[in-house]
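Okay, so here's the structure we're looking at.
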Amino acid sequence: MTPVQTVLEVDYAVIGLGVMGASTLCFLARSGGKVVGIDEYSPPHRYGASHGGYKVTREAVAEGPAYLHFVRRTNELLRDFERRYDADLMQRTGTLIIGSEAPDSSNSFLHDTVRIAEENDIAHEVLSCRDLRKRYPQLIGVEDEDAGYFEPGAGFIRPEPLLNLQIALAKQAGAEVLQKTAVKRITPFAGGVELEAEGVRIRARQVVVAAGRWTGELLGGQFCPLLSVSRQRTFTFKALDPVAYQAGRFPTLMWFREGVGGACATVFPFEGSAGGVKFFVADTEVDPHIGLSEDRFFRHHVEPFFGGISPELRTSETCFYTSTPDHGFLLDWHPDIPGLFLVSACSGHGFKHALGVGEAVAAVLGGRSVPDLSAFSLGRFSTNLPLG
């Protein structure tokens, strides 16, 4: 006997409730209409990228001026949410970016950041290597060619509280949230899009796919080669000198280090008596062992650059980046399924833009005016990928 399925008729459905999906769900629900959000797990969870306690934010986004609207709007909305709901969503530690000014340096991230800040009146300081050594003596690996960009209003966003708040606000505005529900098939029908999942069939006028690492598998065709998924890992080490790494004395840090091929170490300040200092270097293929002092990550990325850090590994976490070939966002309509809008991939730098993106996507679906999204179109890849 065929199992009985619940049938839901809605205006909007959002697949994937990481930060992009949850933000979109929240704004769709608040704008009216019948809305449902679907996630294979129970968000916030540790199977995607919207977790881990800390996400860097900075207004001067070196990735390009097309992102400025999103990060600025996200910052405005964060302040509003914090004030309105008495929520602790962001720690404004300031964000410091260090890079080399050497003529042979291949990394222009620092220069691009300063240029974006100057062109858009973003409050910042430019620091010489002498300034860096004086202000941050714990950074023992600063080279003579290094310089810094410090943005005092930046810092890090707390992913789990933000995700919880967005989902709660969506529910409060009338959205239904289906957790532990995996979408198996997406098909068009006259007037909308149909979703099939275990125990439920959803018919929606419009659907947003914000499924992160599962997007390629879910959509198939050209999206499998288009979207690449990489496993990333953070390492939290014990601080021998916790005061030196506390917020107020230590910023949220992005350090492009010539001594390790320009690899960027992202580091977050120490919080709490039982915590540590969290380090992240993209694409680090290391299997950590808790408490192993000979850990290769520590010897390669921590010990030569940071003073007052113990080799004792307190915790390690995994997340998954979903990236496009140019590491830009994908915000566009599906070419073959009318009413299906794509919100992926975030390419490892999307969290600080999420509230602005969710608001814009809700406006697109509602037929309202939005900022120019052409920089994030699917068409920029169409000449290099097979059709589905």
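Starting from 1 in every chain, residues are counted up; chains themselves are A, B, ... following the order of the structure tokens, and ligands are numbered from 1 as listed.
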
In region 59-241 of chain A, DSSP helix (DSSP H, G or I) residues written as a PyMOL selection string
chain A and resi 65-85+109-119+129-135+159-172+212-219+223-226

Determine, using only C-alpha atoms, which residues of region 48-153 of chain A have any atom at most 10 Å from an atom of region 228-245 of chain A, and tabulate each with its shortest atom pair and distance in Å to one decimal place, rows ordered by chain and then rising number, as a Markdown table.
| residue | atom | partner | partner_atom | distance |
| --- | --- | --- | --- | --- |
| A:Gly48 | CA | A:Arg231 | CA | 9.4 |
| A:Ala49 | CA | A:Gln232 | CA | 9.2 |
| A:Gly52 | CA | A:Thr234 | CA | 8.6 |
| A:Tyr136 | CA | A:Ala244 | CA | 8.5 |
| A:Pro137 | CA | A:Ala244 | CA | 8.7 |
| A:Gln138 | CA | A:Ala244 | CA | 6.9 |

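Proximity ranking of A:Leu365, A:Leu226, A:Val183, A:Leu89 relative to Ser347 (chain A) places A:Leu226 first, based on only C-alpha atoms.
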
Excluding region 197-212 of chain A and residues on its chain fewer than 5 positions from it, collect all residues at most 9 Å away from it, counting only C-alpha atoms, and give them as a CSV table (one decimal) with C-alpha atoms, in the first residue's frame.
chain,number,residue,atom,x,y,z
A,3,PRO,CA,1.9,5.6,2.2
A,4,VAL,CA,-0.4,8.5,2.6
A,5,GLN,CA,1.2,11.8,1.9
A,6,THR,CA,0.3,15.2,3.5
A,7,VAL,CA,-0.3,17.7,0.7
A,8,LEU,CA,0.6,21.4,1.4
A,9,GLU,CA,-0.4,24.2,-0.8
A,10,VAL,CA,1.7,27.3,-0.2
A,11,ASP,CA,2.8,30.5,-1.8
A,12,TYR,CA,6.5,30.0,-1.0
A,13,ALA,CA,8.8,27.1,0.0
A,14,VAL,CA,12.4,27.4,1.1
A,15,ILE,CA,14.6,24.3,0.9
A,16,GLY,CA,17.6,24.5,3.3
A,17,LEU,CA,17.5,26.5,6.5
A,18,GLY,CA,21.1,27.5,6.9
A,19,VAL,CA,21.7,31.2,7.3
A,20,MET,CA,20.7,32.1,3.7
A,21,GLY,CA,17.6,29.9,3.7
A,22,ALA,CA,16.5,30.9,7.2
A,24,THR,CA,14.9,34.2,3.2
A,25,LEU,CA,12.2,32.3,5.0
A,35,VAL,CA,5.3,30.0,3.6
A,36,VAL,CA,7.0,26.7,4.5
A,39,ASP,CA,15.5,21.2,6.2
A,48,GLY,CA,26.6,22.4,6.6
A,49,ALA,CA,28.3,25.8,7.1
A,181,THR,CA,12.5,16.4,6.1
A,182,ALA,CA,14.6,15.7,3.0
A,183,VAL,CA,13.3,16.9,-0.4
A,184,LYS,CA,13.7,14.0,-2.9
A,185,ARG,CA,12.4,15.6,-6.1
A,189,PHE,CA,3.7,22.1,-12.7
A,191,GLY,CA,1.4,27.6,-11.9
A,192,GLY,CA,4.3,26.5,-9.7
A,218,LEU,CA,19.2,18.0,-5.5
A,229,VAL,CA,31.9,21.1,-2.0
A,320,PHE,CA,31.4,22.4,4.4
A,321,TYR,CA,32.0,25.1,1.8
A,322,THR,CA,30.0,25.1,-1.4
A,323,SER,CA,31.7,27.1,-4.1
A,338,PRO,CA,9.9,28.5,-13.7
A,339,GLY,CA,9.4,29.8,-10.2
A,340,LEU,CA,12.6,28.2,-8.8
A,341,PHE,CA,15.1,30.6,-7.4
A,342,LEU,CA,18.7,29.6,-6.5
A,343,VAL,CA,20.5,30.9,-3.4
A,344,SER,CA,23.8,29.1,-3.5
A,345,ALA,CA,26.7,28.9,-3.3
A,346,CYS,CA,28.1,31.1,-0.5
A,361,VAL,CA,15.5,37.4,-2.4
A,365,LEU,CA,9.9,36.7,-5.3

Contacts of Leu78 (chain A) within 9 Å, only C-alpha atoms, excl. fewer than 2 positions in-chain, as a ChimeraX atom specification:
/A:73-76,80-83,89-90,162,355

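Counting only C-alpha atoms, the residue from A:Ile337, A:Val142, A:Val364, A:Leu132 that sits nearest to Phe305 (chain A) is A:Val142.
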